[in-house]
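K.L.:
Structure file work_25.txt (compact mmCIF, C-alpha atoms) right here:
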```txt
# COMPACT_ATOMS: atom_id res chain seq x y z
CA MET A 1 0.00 0.00 0.00
CA SER A 2 1.32 3.46 -0.87
CA ALA A 3 0.48 6.90 0.41
CA ARG A 4 -0.82 7.67 -3.06
CA ASN A 5 -4.28 6.90 -1.69
CA ARG A 6 -4.25 10.28 0.00
CA LEU A 7 -2.41 12.31 -2.67
CA GLU A 8 -3.96 15.45 -4.07
CA ASN A 9 -3.40 17.43 -7.25
CA VAL A 10 -2.37 14.42 -9.31
CA ASP A 11 -2.05 15.15 -13.03
CA THR A 12 -4.32 12.41 -14.42
CA ASN A 13 -4.08 13.68 -18.02
CA ALA A 14 -0.41 12.83 -18.42
CA SER A 15 0.28 9.64 -20.32
CA GLY A 16 3.94 9.54 -19.40
CA GLY A 17 6.91 11.61 -18.32
CA VAL A 18 8.20 12.93 -15.03
CA PRO A 19 5.93 14.05 -12.18
CA ASP A 20 5.36 17.63 -11.16
CA PRO A 21 8.50 18.69 -9.20
CA SER A 22 6.38 20.88 -6.90
CA ARG A 23 4.74 17.80 -5.45
CA SER A 24 6.09 16.27 -2.18
CA GLN A 25 8.01 13.03 -2.09
CA LEU A 26 5.90 9.92 -1.51
CA ILE A 27 6.32 7.39 1.31
CA ALA A 28 5.77 3.70 0.58
CA ILE A 29 4.64 1.11 3.11
CA GLN A 30 4.96 -2.51 2.07
CA TYR A 31 1.87 -3.80 3.82
CA PRO A 32 2.25 -7.52 4.74
CA ALA A 33 -1.26 -8.46 3.64
CA VAL A 34 -3.68 -8.15 0.75
CA VAL A 35 -5.37 -4.75 1.13
CA VAL A 36 -9.09 -4.96 0.39
CA ASN A 37 -10.27 -2.05 2.53
CA THR A 38 -7.83 0.88 2.44
CA ASP A 39 -9.39 2.68 5.40
CA ARG A 40 -9.16 -0.47 7.51
CA ALA A 41 -5.51 -0.91 6.56
CA ILE A 42 -4.74 2.70 7.58
CA THR A 43 -6.47 2.04 10.91
CA THR A 44 -4.13 -0.89 11.61
CA LEU A 45 -1.23 1.55 11.09
CA GLY A 46 -2.64 3.86 13.78
CA GLY A 47 -4.34 6.33 11.46
CA LEU A 48 -2.98 9.11 9.26
CA GLN A 49 -1.80 11.13 12.25
CA GLN A 50 0.18 8.22 13.64
CA ILE A 51 1.66 7.51 10.21
CA ALA A 52 2.75 11.15 9.84
CA SER A 53 4.32 11.09 13.31
CA THR A 54 6.27 7.92 12.48
CA VAL A 55 7.47 9.31 9.16
CA LYS A 56 8.61 12.53 10.82
CA ASP A 57 10.69 10.67 13.46
CA THR A 58 13.60 9.11 11.57
CA HIS A 59 14.45 6.74 14.44
CA ARG A 60 10.98 5.26 14.78
CA ARG A 61 9.60 2.05 13.31
CA MET A 62 6.17 1.72 11.80
CA GLU A 63 3.77 -0.30 13.97
CA ILE A 64 1.10 -2.50 12.45
CA LYS A 65 -1.66 -3.87 14.69
CA PHE A 66 -4.07 -6.21 12.97
CA ARG A 67 -6.46 -5.82 15.93
CA PRO A 68 -6.19 -2.09 16.70
CA GLU A 69 -9.10 -2.18 19.14
CA ASP A 70 -7.34 -4.83 21.25
CA PRO A 71 -4.72 -3.36 23.66
CA PHE A 72 -3.21 -6.85 24.05
CA CYS A 73 -2.38 -7.11 20.35
CA HIS A 74 1.35 -7.45 19.66
CA SER A 75 2.58 -5.11 16.94
CA LEU A 76 4.33 -6.07 13.74
CA LEU A 77 7.19 -3.62 13.12
CA ALA A 78 8.35 -2.25 9.78
CA ASP A 79 11.85 -0.83 9.36
CA ARG A 80 12.63 2.39 7.52
CA GLU A 81 14.77 2.04 4.40
CA GLU A 82 16.04 4.53 1.85
CA THR A 83 15.10 3.90 -1.77
CA SER A 84 15.12 5.58 -5.18
CA SER A 85 11.93 4.44 -6.87
CA LEU A 86 9.04 5.65 -8.92
CA LEU A 87 5.35 5.00 -8.33
CA ILE A 88 3.87 4.12 -11.71
CA LYS A 89 0.18 3.63 -12.53
CA ILE A 90 -0.43 1.33 -15.50
CA ARG A 91 -3.79 1.00 -17.22
CA THR A 92 -4.67 -2.18 -19.10
CA ARG A 93 -7.77 -3.66 -20.69
CA ARG A 94 -8.92 -7.25 -21.00
CA PRO A 95 -12.05 -8.42 -22.82
CA LYS A 96 -14.77 -9.77 -20.55
CA ASN A 97 -15.09 -13.19 -22.14
CA SER A 98 -11.38 -13.76 -22.65
CA PRO A 99 -9.64 -16.46 -20.56
CA LYS A 100 -7.44 -15.43 -17.67
CA SER A 101 -4.35 -16.74 -19.41
CA THR A 102 -4.79 -14.08 -22.11
CA ALA A 103 -2.37 -11.19 -21.73
CA PRO A 104 -4.15 -7.85 -21.04
CA GLU A 105 -3.98 -5.05 -23.60
CA PHE A 106 -1.75 -2.16 -22.56
CA LEU A 107 -3.37 1.29 -22.72
CA ASN A 108 -1.10 3.81 -21.01
CA PHE A 109 0.94 4.49 -17.91
CA GLU A 110 1.37 7.37 -15.52
CA ILE A 111 4.24 8.33 -13.20
CA VAL A 112 2.50 9.32 -9.98
CA GLY A 113 5.58 10.36 -8.02
CA SER A 114 9.00 9.44 -6.68
CA LEU A 115 9.86 7.54 -3.52
CA ASP A 116 12.86 8.16 -1.28
CA THR A 117 11.68 6.29 1.84
CA GLN A 118 9.89 3.02 2.33
CA PHE A 119 8.87 0.92 5.33
CA VAL A 120 9.56 -2.79 4.91
CA VAL A 121 8.46 -5.59 7.26
CA SER A 122 11.55 -7.77 7.67
CA THR A 123 10.76 -9.29 11.07
CA LEU A 124 8.41 -12.00 12.27
CA SER A 125 5.24 -11.18 14.09
CA ASP A 126 5.17 -12.07 17.76
CA PHE A 127 2.77 -14.72 19.01
CA GLN A 128 -0.76 -13.46 19.62
CA TYR A 129 -2.86 -14.43 22.63
CA LEU A 130 -6.52 -13.62 22.11
CA PRO A 131 -8.61 -12.30 25.03
CA VAL A 132 -11.13 -15.13 24.91
CA VAL A 133 -12.22 -17.97 27.20
CA ARG A 134 -13.74 -21.29 26.26
CA GLN A 135 -17.47 -21.04 26.75
CA THR A 136 -18.61 -24.31 25.22
CA GLU A 137 -16.94 -27.18 23.51
CA ASP A 138 -17.53 -25.53 20.14
CA GLY A 139 -16.99 -21.85 20.83
CA TYR A 140 -15.21 -19.09 22.76
CA GLN A 141 -16.40 -15.96 24.55
CA ASP A 142 -14.82 -12.57 23.98
CA ILE A 143 -13.78 -11.01 27.32
CA LEU A 144 -12.12 -7.87 25.96
CA GLN A 145 -14.78 -5.55 27.36
CA GLU A 146 -14.56 -7.14 30.80
CA ILE A 147 -10.79 -6.86 31.20
CA THR A 148 -10.31 -3.44 29.56
CA LEU A 149 -10.13 -0.56 32.02
CA PRO A 150 -12.67 2.23 31.41
CA ALA A 151 -11.40 5.59 30.21
CA GLU A 152 -12.64 7.35 33.36
CA LEU A 153 -12.56 5.55 36.69
CA ALA A 154 -15.29 6.89 38.94
CA SER A 155 -14.49 4.42 41.73
CA PRO A 156 -12.32 1.36 42.25
CA SER A 157 -15.38 -0.84 42.65
CA PHE A 158 -14.53 -2.78 39.48
CA LEU A 159 -11.64 -4.39 41.37
CA ALA A 160 -14.12 -6.21 43.63
CA ASN A 161 -15.69 -8.03 40.70
CA LYS A 162 -14.41 -11.57 41.26
CA SER A 163 -16.16 -12.91 38.19
CA THR A 164 -13.69 -11.12 35.88
CA PRO A 165 -11.43 -13.79 34.35
CA MET A 166 -7.70 -13.62 34.88
CA PHE A 167 -5.94 -12.52 31.71
CA LEU A 168 -2.28 -11.63 32.23
CA PRO A 169 -0.33 -12.30 29.03
CA PRO A 170 3.37 -11.33 28.95
CA PRO A 171 4.44 -8.18 27.09
CA ILE A 172 6.30 -10.30 24.53
CA PHE A 173 6.55 -14.01 23.82
CA SER A 174 9.56 -14.25 21.55
CA ARG A 175 12.89 -12.51 22.17
CA ILE A 176 13.99 -12.89 18.54
CA GLY A 177 12.08 -11.18 15.77
CA ARG A 178 14.34 -11.70 12.79
CA VAL A 179 14.74 -14.94 10.89
CA GLN A 180 17.99 -16.68 11.80
CA LYS A 181 19.83 -17.84 8.71
CA GLY A 182 21.67 -21.15 8.87
CA PHE A 183 23.65 -22.83 6.16
CA LEU A 184 24.47 -26.54 6.10
CA ARG A 185 27.99 -27.27 5.04
CA SER A 186 30.20 -30.29 4.68
CA ILE A 187 32.90 -31.16 7.22
CA THR A 188 36.11 -29.36 6.38
CA ALA A 189 39.68 -30.16 7.29
CA SER A 190 39.59 -27.75 10.23
CA ASP A 191 36.56 -29.57 11.70
CA SER A 192 38.50 -32.83 11.84
CA GLY A 193 41.41 -31.21 13.66
CA ASP A 194 43.72 -30.71 10.65
CA ARG A 195 43.80 -26.93 10.46
CA ALA A 196 44.91 -25.50 7.16
CA ILE A 197 48.20 -23.61 7.01
CA GLY A 198 47.71 -19.94 7.79
CA GLN A 199 44.13 -20.43 8.98
CA ILE A 200 43.22 -18.29 11.99
CA SER A 201 40.85 -19.77 14.57
CA THR A 202 39.46 -18.40 17.82
CA THR A 203 39.30 -21.82 19.47
CA ARG A 204 41.99 -24.25 20.54
CA ARG A 205 42.64 -27.12 18.19
CA PRO A 206 40.85 -30.20 19.59
CA ARG A 207 43.18 -32.72 21.16
CA PRO A 208 43.05 -36.15 19.54
CA SER A 209 41.36 -38.67 21.82
CA HIS A 210 40.43 -42.23 20.93
CA ALA A 211 38.95 -43.20 24.29
CA MET A 212 35.58 -44.97 24.37
CA SER A 213 33.32 -43.65 27.12
CA LEU A 214 30.28 -45.77 27.97
CA THR A 215 27.41 -45.53 30.39
CA PHE A 216 26.11 -48.37 32.52
CA GLY A 217 24.32 -50.98 30.42
CA ALA A 218 25.73 -49.84 27.07
CA PRO A 219 27.06 -52.46 24.62
CA ILE A 220 30.63 -53.46 25.46
CA PRO A 221 33.28 -52.91 22.76
CA ASN A 222 35.63 -55.79 22.04
CA GLU A 223 38.36 -53.89 20.22
CA PRO A 224 39.86 -50.39 20.55
CA HIS A 225 40.10 -47.84 17.79
CA GLU A 226 42.75 -48.64 15.22
CA ALA A 227 44.19 -45.15 15.68
CA ALA A 228 44.63 -45.74 19.43
CA VAL A 229 46.54 -49.00 18.81
CA LYS A 230 48.65 -47.32 16.14
CA VAL A 231 49.71 -44.56 18.54
CA ALA A 232 50.41 -47.08 21.33
CA ASN A 233 52.70 -49.10 19.03
CA SER A 234 54.70 -46.06 17.98
CA LYS A 235 58.32 -45.71 19.04
CA LEU A 236 57.45 -43.20 21.74
CA TYR A 237 55.04 -45.49 23.64
CA ALA A 238 55.85 -49.04 22.51
CA GLU A 239 57.99 -49.93 25.52
CA ASN A 240 55.22 -48.86 27.95
CA TYR A 241 52.38 -50.48 25.99
CA ALA A 242 53.30 -54.07 26.87
CA PRO A 243 53.43 -53.59 30.70
CA LEU A 244 50.04 -51.88 30.57
CA LYS A 245 48.49 -54.76 28.62
CA LEU A 246 49.97 -57.22 31.08
CA ALA A 247 48.42 -55.34 34.00
CA PHE A 248 44.96 -55.51 32.42
CA ASP A 249 45.45 -59.22 31.69
CA GLU A 250 46.06 -59.79 35.40
CA ARG A 251 43.22 -57.51 36.53
CA PRO A 252 40.45 -56.42 34.13
CA ILE A 253 39.34 -53.23 35.92
CA TRP A 254 41.60 -50.43 37.16
CA SER A 255 41.31 -46.88 38.31
CA ARG A 256 43.72 -44.44 36.74
CA CYS A 257 45.43 -43.94 40.08
CA ALA A 258 45.80 -47.68 40.67
CA ILE A 259 47.13 -48.45 37.19
CA GLY A 260 49.54 -45.53 37.47
CA HIS A 261 50.79 -46.87 40.80
CA ARG A 262 51.09 -50.36 39.33
CA THR A 263 52.98 -49.42 36.13
CA GLN A 264 54.68 -46.21 37.34
CA LEU A 265 53.67 -44.49 34.10
CA SER A 266 53.22 -40.74 33.93
CA LEU A 267 49.80 -39.19 33.52
CA SER A 268 50.61 -37.99 29.99
CA LYS A 269 51.46 -41.53 28.87
CA LEU A 270 48.40 -43.02 30.52
CA LYS A 271 46.15 -40.64 28.61
CA VAL A 272 47.55 -42.01 25.37
CA LEU A 273 47.90 -45.71 26.24
CA LEU A 274 44.73 -46.42 28.23
CA PRO A 275 42.35 -46.02 25.22
CA ALA A 276 44.32 -48.79 23.47
CA VAL A 277 43.65 -51.41 26.14
CA ALA A 278 40.44 -50.40 27.96
CA TYR A 279 37.23 -48.42 27.74
CA TYR A 280 36.02 -45.84 30.27
CA VAL A 281 32.77 -46.08 32.25
CA THR A 282 30.99 -42.88 33.32
CA SER A 283 28.15 -44.26 35.47
CA GLY A 284 27.14 -47.22 37.57
CA PRO A 285 29.08 -49.24 40.17
CA TRP A 286 32.25 -49.05 38.02
CA ARG A 287 32.07 -45.32 37.25
CA THR A 288 35.35 -43.50 36.47
CA LEU A 289 37.12 -46.85 35.99
CA TRP A 290 38.93 -48.34 33.01
CA ILE A 291 37.74 -51.81 31.94
CA ARG A 292 39.55 -54.18 29.59
CA PHE A 293 38.03 -54.52 26.13
CA GLY A 294 35.70 -57.52 25.86
CA PHE A 295 35.13 -57.74 29.62
CA ASP A 296 31.55 -56.98 30.72
CA PRO A 297 31.27 -56.44 34.49
CA THR A 298 27.46 -56.52 34.30
CA THR A 299 27.58 -60.21 33.32
CA GLU A 300 30.71 -61.29 35.24
CA LYS A 301 29.79 -61.66 38.93
CA SER A 302 33.46 -61.81 39.83
CA ALA A 303 33.66 -58.10 39.01
CA LYS A 304 31.96 -57.16 42.28
CA LYS A 305 35.30 -56.82 44.08
CA TYR A 306 36.31 -54.15 41.55
CA GLN A 307 33.26 -51.97 42.25
CA LYS A 308 33.69 -48.38 43.36
CA ILE A 309 32.59 -47.26 46.81
CA ASP A 310 32.49 -43.71 48.11
CA PHE A 311 33.12 -42.52 51.66
CA ARG A 312 31.92 -39.22 53.09
CA LEU A 313 33.14 -38.06 56.47
CA LYS A 314 31.74 -35.31 58.67
CA SER A 315 33.64 -32.12 59.40
CA GLU A 316 34.02 -32.88 63.11
CA ASP A 317 36.00 -36.01 62.24
CA PHE A 318 38.83 -33.80 60.96
CA SER A 319 39.53 -31.82 64.10
CA ALA A 320 42.75 -33.76 64.72
CA ILE A 321 43.96 -33.89 61.12
CA ARG A 322 46.77 -31.43 60.52
CA THR A 323 47.15 -32.01 56.78
CA LYS A 324 45.25 -29.82 54.35
CA ILE A 325 41.85 -31.17 53.34
CA THR A 326 41.71 -31.25 49.56
CA GLY A 327 38.86 -31.61 47.08
CA ILE A 328 37.65 -34.64 45.17
CA ARG A 329 39.98 -33.92 42.28
CA HIS A 330 42.91 -34.85 44.55
CA THR A 331 41.49 -38.16 45.71
CA PRO A 332 43.50 -41.32 44.95
CA ASN A 333 41.55 -41.96 41.76
CA HIS A 334 42.79 -38.65 40.34
CA TYR A 335 46.32 -39.86 39.85
CA SER A 336 49.18 -37.43 39.54
CA HIS A 337 52.71 -38.72 39.19
CA SER A 338 54.49 -35.41 39.69
CA SER A 339 56.46 -35.09 42.91
CA ARG A 340 55.10 -31.59 43.43
CA SER A 341 51.54 -32.85 44.00
CA ARG A 342 52.31 -36.10 45.80
CA GLN A 343 51.22 -34.76 49.17
CA ALA A 344 47.91 -33.52 47.76
CA THR A 345 46.95 -36.67 45.86
CA THR A 346 47.45 -39.17 48.68
CA GLY A 347 44.37 -41.09 49.61
CA GLY A 348 45.41 -41.19 53.21
CA SER A 349 48.39 -41.00 55.50
CA SER A 350 49.37 -44.01 57.56
CA LEU A 351 50.40 -44.13 61.20
CA ASP A 352 52.94 -46.82 60.37
CA SER A 353 53.38 -47.04 56.60
CA ALA A 354 54.09 -50.46 55.21
CA PRO A 355 57.35 -51.01 53.34
CA GLY A 356 57.13 -50.03 49.71
CA ASP A 357 54.11 -47.74 50.21
CA ASP A 358 54.29 -44.16 49.01
CA ASP A 359 52.07 -41.09 49.10
CA ASN A 360 50.37 -42.00 45.83
CA SER A 361 49.21 -45.40 47.04
CA PRO A 362 45.62 -46.17 45.96
CA PHE A 363 45.13 -48.63 48.81
CA PHE A 364 43.31 -48.09 52.08
CA HIS A 365 45.16 -49.76 54.97
CA PRO A 366 43.68 -50.50 58.40
CA ASP A 367 45.76 -47.65 59.90
CA SER A 368 45.12 -45.11 57.14
CA ILE A 369 43.82 -41.60 57.84
CA PRO A 370 42.25 -39.75 54.89
CA ASN A 371 43.09 -36.13 54.20
CA GLN A 372 39.82 -35.27 52.44
CA LYS A 373 36.16 -35.46 53.38
CA PHE A 374 35.15 -37.39 50.27
CA PHE A 375 37.19 -40.21 48.75
CA LEU A 376 36.67 -43.19 46.45
CA TYR A 377 38.19 -46.65 46.47
CA GLN A 378 37.70 -49.90 44.66
CA LEU A 379 36.57 -52.61 47.06
CA CYS A 380 39.60 -54.76 46.28
CA ASP A 381 41.88 -51.86 47.27
CA VAL A 382 40.40 -51.58 50.77
CA LEU A 383 42.94 -53.87 52.47
CA MET A 384 40.88 -54.85 55.50
CA ASP A 385 39.98 -58.48 56.19
CA HIS A 386 36.49 -57.69 57.45
CA VAL A 387 35.68 -55.70 54.28
CA LEU A 388 36.90 -58.51 52.03
CA GLU A 389 34.71 -60.93 53.99
CA LEU A 390 31.67 -58.71 53.47
CA VAL A 391 32.35 -58.55 49.72
CA SER A 392 32.55 -62.36 49.40
CA MET A 393 29.67 -63.00 51.81
CA ASN A 394 27.09 -63.46 49.01
CA GLU A 395 29.40 -65.64 46.90
CA GLY A 396 27.18 -67.88 44.77
CA HIS A 397 24.05 -65.99 45.87
CA GLU A 398 24.44 -62.81 43.85
CA PRO A 399 21.31 -61.18 42.39
CA ALA A 400 20.16 -62.42 39.01
CA LYS A 401 20.66 -58.96 37.44
CA CYS A 402 23.37 -56.41 38.07
CA ASP A 403 21.98 -53.29 39.73
CA SER A 404 22.86 -49.87 38.30
CA VAL A 405 23.72 -48.54 41.79
CA SER A 406 24.87 -51.40 44.01
CA GLY A 407 26.11 -53.74 41.27
CA TRP A 408 26.40 -57.39 42.39
CA LEU A 409 26.09 -56.40 46.07
CA ASP A 410 23.16 -55.07 48.03
CA MET A 411 22.99 -51.61 49.57
CA ARG A 412 23.05 -53.05 53.09
CA THR A 413 26.46 -54.64 52.46
CA LEU A 414 27.83 -51.37 51.09
CA ASP A 415 26.50 -49.47 54.10
CA LEU A 416 28.15 -51.98 56.45
CA ILE A 417 31.49 -51.49 54.65
CA ARG A 418 31.19 -47.71 54.99
CA ALA A 419 30.30 -47.99 58.67
CA TYR A 420 33.25 -50.30 59.34
CA VAL A 421 35.70 -48.03 57.52
CA HIS A 422 34.35 -44.95 59.33
CA ALA A 423 34.72 -46.67 62.69
CA ARG A 424 38.30 -47.64 61.86
CA ILE A 425 39.14 -44.07 60.82
CA LYS A 426 37.78 -42.73 64.12
CA GLU A 427 39.97 -45.19 66.00
CA ASN A 428 43.00 -43.99 64.05
CA LEU A 429 42.06 -40.37 64.76
CA ALA A 430 41.83 -41.14 68.48
CA LYS A 431 45.30 -42.67 68.35
CA GLN A 432 46.59 -39.61 66.55
CA ARG A 433 45.12 -37.29 69.18
CA LEU A 434 46.66 -39.39 71.96
CA ALA A 435 50.04 -39.35 70.25
CA ALA A 436 49.81 -35.57 69.76
CA ALA A 437 48.90 -35.02 73.42
CA THR A 438 51.76 -37.24 74.61
CA SER A 439 54.34 -35.48 72.44
CA SER A 440 53.14 -32.05 73.58
CA GLY A 441 53.32 -33.14 77.25
CA GLU A 442 56.89 -34.23 76.87
```
Would you kindly transcribe this structure into structure tokens?

P.N.:
Amino acid sequence: MSARNRLENVDTNASGGVPDPSRSQLIAIQYPAVVVNTDRAITTLGGLQQIASTVKDTHRRMEIKFRPEDPFCHSLLADREETSSLLIKIRTRRPKNSPKSTAPEFLNFEIVGSLDTQFVVSTLSDFQYLPVVRQTEDGYQDILQEITLPAELASPSFLANKSTPMFLPPPIFSRIGRVQKGFLRSITASDSGDRAIGQISTTRRPRPSHAMSLTFGAPIPNEPHEAAVKVANSKLYAENYAPLKLAFDERPIWSRCAIGHRTQLSLSKLKVLLPAVAYYVTSGPWRTLWIRFGFDPTTEKSAKKYQKIDFRLKSEDFSAIRTKITGIRHTPNHYSHSSRSRQATTGGSSLDSAPGDDDNSPFFHPDSIPNQKFFLYQLCDVLMDHVLELVSMNEGHEPAKCDSVSGWLDMRTLDLIRAYVHARIKENLAKQRLAAATSSGE
């Protein structure tokens, strides 16, 4: 729709040529609908006065309300754009009985005026919520008059009308009004990690990782990735690959801390070699553990001794511990082989350390004292006779199906193991307090 509908002094006798230069420039509005009633279309734009005000303000957008009488109607906005166009009126003639496919006969044309500004709708309309309520199964009732405030409020008595339906729509529904353009493209060399020479990227190149991470109950892989085996057999890691495979042949499930203590391999080498011999489990009784390829702990009942168990101690239990209490990242299962972090990664200090033990030991001894409130161990690494007896107590009477939380044991057995370990830790703390009091008295 163009403003030509309200133009005056148009030279209708001209059959062509330029318009009268004394006439004002025209403003075009690309109305996003088929205009049947021009007056109704102008009303949805706010009227001629509102249109003139919008045109005068160069920073204002044209508002279109398809329900101008409804104050809850969300506007459709048109953006101002500069243009260099002509408004041309073309007259044609078509015989009455001729088919529609027949081209009309051209009579003449007329240049009405020039355009330097147009308003274009380039955004989506917001969602509309009509002020209606369901009256029957087949119809709705208009409640606009009931929820619209009167122009003059004589008294606040209308607030006491409890029969007025609640109608509180949000000011806007959608935060995005413009169409988001997306283009599908094929995977390039940079997506696969091989960045082209001279290519600038704002993100770090992804580190190659061939580890297989599985959740509890997922299908078990039998073979590693060929790329992982190829890297493990390279000259840099070949001599460490064989001892790691031997360790997993002896014991199918390891924590990273335990396998690092067993093989004395650095953390950087374990990150490369472990995906070639085992897959990683992220949930279930064997969470955060590495399991040998082809071994399924959910079908092998002998895997119950390799289950993970967590211990949580209260703050008052640490009143006699002088070492710094660290977070879960520094528990035994977060192995670090550097000498700088040995003190932080220990699972517990011992009153009388056994020969050959070091600070990175993943084992829990009867005289161990943890230096963190939360720590994890595999059941086979808790070196206490009573705990091992509890683990083997249901030998031959395991449940028919492996549980996603307790595995091949029941929760009562796990709670008994926690209670026994907690009681032992409290005994060790009492001994430590007694030793500290005796040394201070001397």

K.L.:
With only C-alpha atoms as the basis for distance, which of A:His386, A:Lys401, A:Lys314, A:Lys89 is at the shortest distance from A:Gln372?

P.N.:
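Nearest candidate to A:Gln372 out of A:His386, A:Lys401, A:Lys314, A:Lys89: A:Lys314.
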
K.L.:
Write out as a list in words each polymer residue whose atoms come within 8 Å of A:Leu87, counting only C-alpha atoms; drop sequence neighbours fewer than 2 positions from it.

P.N.:
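That gives Ser85, Lys89, Ile111, Val112, Gly113, Ser114 and Leu115 of chain A.
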
K.L.:
Could you write out as JSON the box around stretch 271-287 of chain A (axis-aligned, all atoms listed in the file, 5 Å on each side), with centre and edge lengths in Å to one decimal?

P.N.:
```
{"center_x": 37.5, "center_y": -46.0, "center_z": 31.8, "size_x": 30.8, "size_y": 20.8, "size_z": 26.7}
```

K.L.:
Atom CA of A:Arg292 and atom CA of A:Thr413, how far apart in Å?

P.N.:
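Atom CA of A:Arg292 lies at a distance of 26.4 Å from atom CA of A:Thr413.
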
K.L.:
So, counting all atoms listed in the file, which residue among A:Ile42, A:Ala276, A:Cys380, A:Ile176 is closest to A:Met212?

P.N.:
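Using all atoms listed in the file, A:Met212 sits closest to A:Ala276.
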
K.L.:
At most 6 Å from (38.1, -50.9, 34.7), file frame, only C-alpha atoms: which residues, as a VMD selection string?

P.N.:
chain A and resid 253 to 254 289 to 291

K.L.:
Ranking A:Ile369, A:Leu86, A:Leu414, A:Ala430 by minimum distance to A:Gln25 and counting only C-alpha atoms, which one comes first?

P.N.:
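Nearest candidate to A:Gln25 out of A:Ile369, A:Leu86, A:Leu414, A:Ala430: A:Leu86.
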
K.L.:
When you count all atoms listed in the file, which of these residues is closest to A:Val281: A:Leu388, A:Ala33, A:Ile220, A:Ala303?

P.N.:
A:Ile220

K.L.:
Find the distance between atom CA of A:Leu76 and atom CA of A:Met166 and write it in Å to one decimal.

P.N.:
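Separating atom CA of A:Leu76 from atom CA of A:Met166 is a distance of 25.5 Å.
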
K.L.:
Near A:Ala258, within 6 Å and counting only C-alpha atoms, which residues show up once chain neighbours fewer than 3 positions away are dropped, as a ChimeraX atom specification?

P.N.:
/A:255,261,362

K.L.:
Which distance in Å separates atom CA of A:Asn371 and atom CA of A:Lys269, to one decimal?

P.N.:
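Straight-line distance from atom CA of A:Asn371 to atom CA of A:Lys269 works out to 27.2 Å.
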
K.L.:
Which is closest to A:Val382 among A:Met62, A:Val179, A:Leu409, A:Ile309, if we use all atoms listed in the file?

P.N.:
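When distances to A:Val382 are compared using all atoms listed in the file, the smallest one comes from A:Ile309.
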
K.L.:
So that I can check the surroundings of A:Lys308, please list as a ChimeraX atom specification every protein, DNA and RNA residue that reaches within 8 Å of it, counting all atoms listed in the file and ignoring chain neighbours fewer than 4 positions away.

P.N.:
/A:285-287,376-379

K.L.:
If you count only C-alpha atoms, which residues fall within 12 Å of A:Thr298, apart from same-chain ones fewer than 5 positions away, as a list in words?

P.N.:
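The contact residues come out as Thr215, Phe216, Gly217, Ala218, Pro219, Ile220, Val281, Gly284, Pro285, Trp286, Ile291, Ala303, Lys304, Tyr306, Gln307, Glu398, Pro399, Ala400, Lys401, Cys402, Asp403, Ser404, Val405, Ser406, Gly407, Trp408 and Leu409 of chain A.
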
K.L.:
Considering only C-alpha atoms, return as JSON, numbers by chain whatever protein or nucleic-acid residues lie within 12 Å of A:Pro171, sequence-local ones (same chain, fewer than 5 positions apart) excluded.

P.N.:
{"A": [71, 72, 73, 74, 75, 126, 127, 128, 129]}

K.L.:
Could you save the residues just selected, with C-alpha atoms, as a PDB file, keeping the file's coordinate frame?

P.N.:
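Final output, saved to again19.pdb:
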```
ATOM      1  CA  PRO A  71      -4.720  -3.360  23.660  1.00  0.00           C
ATOM      2  CA  PHE A  72      -3.210  -6.850  24.050  1.00  0.00           C
ATOM      3  CA  CYS A  73      -2.380  -7.110  20.350  1.00  0.00           C
ATOM      4  CA  HIS A  74       1.350  -7.450  19.660  1.00  0.00           C
ATOM      5  CA  SER A  75       2.580  -5.110  16.940  1.00  0.00           C
ATOM      6  CA  ASP A 126       5.170 -12.070  17.760  1.00  0.00           C
ATOM      7  CA  PHE A 127       2.770 -14.720  19.010  1.00  0.00           C
ATOM      8  CA  GLN A 128      -0.760 -13.460  19.620  1.00  0.00           C
ATOM      9  CA  TYR A 129      -2.860 -14.430  22.630  1.00  0.00           C
TER      10      TYR A 129
END
```

K.L.:
From the list A:Glu82, A:Glu226, A:Glu63, A:Glu427, which residue is nearest A:Pro32 when using all atoms listed in the file?

P.N.:
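When distances to A:Pro32 are compared using all atoms listed in the file, the smallest one comes from A:Glu63.
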
K.L.:
Would you please take stretch 29-33 of chain A of the structure in the block above and write N, CA, C and O atoms to a file as a tab-separated table (two decimals), in the first residue's frame?

P.N.:
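What ended up in selection.tsv:
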```tsv
chain	number	residue	atom	x	y	z
A	29	ILE	N	4.74	2.08	2.02
A	29	ILE	CA	4.64	1.11	3.11
A	29	ILE	C	4.30	-0.23	2.48
A	29	ILE	O	3.23	-0.39	1.89
A	30	GLN	N	5.21	-1.17	2.59
A	30	GLN	CA	4.96	-2.51	2.07
A	30	GLN	C	4.10	-3.27	3.09
A	30	GLN	O	4.60	-3.87	4.04
A	31	TYR	N	2.82	-3.21	2.88
A	31	TYR	CA	1.87	-3.80	3.82
A	31	TYR	C	1.90	-5.32	3.69
A	31	TYR	O	1.77	-5.87	2.59
A	32	PRO	N	2.08	-6.05	4.81
A	32	PRO	CA	2.25	-7.52	4.74
A	32	PRO	C	0.92	-8.27	4.65
A	32	PRO	O	0.70	-9.25	5.35
A	33	ALA	N	0.03	-7.80	3.80
A	33	ALA	CA	-1.26	-8.46	3.64
A	33	ALA	C	-1.88	-7.94	2.34
A	33	ALA	O	-1.42	-6.96	1.77
```
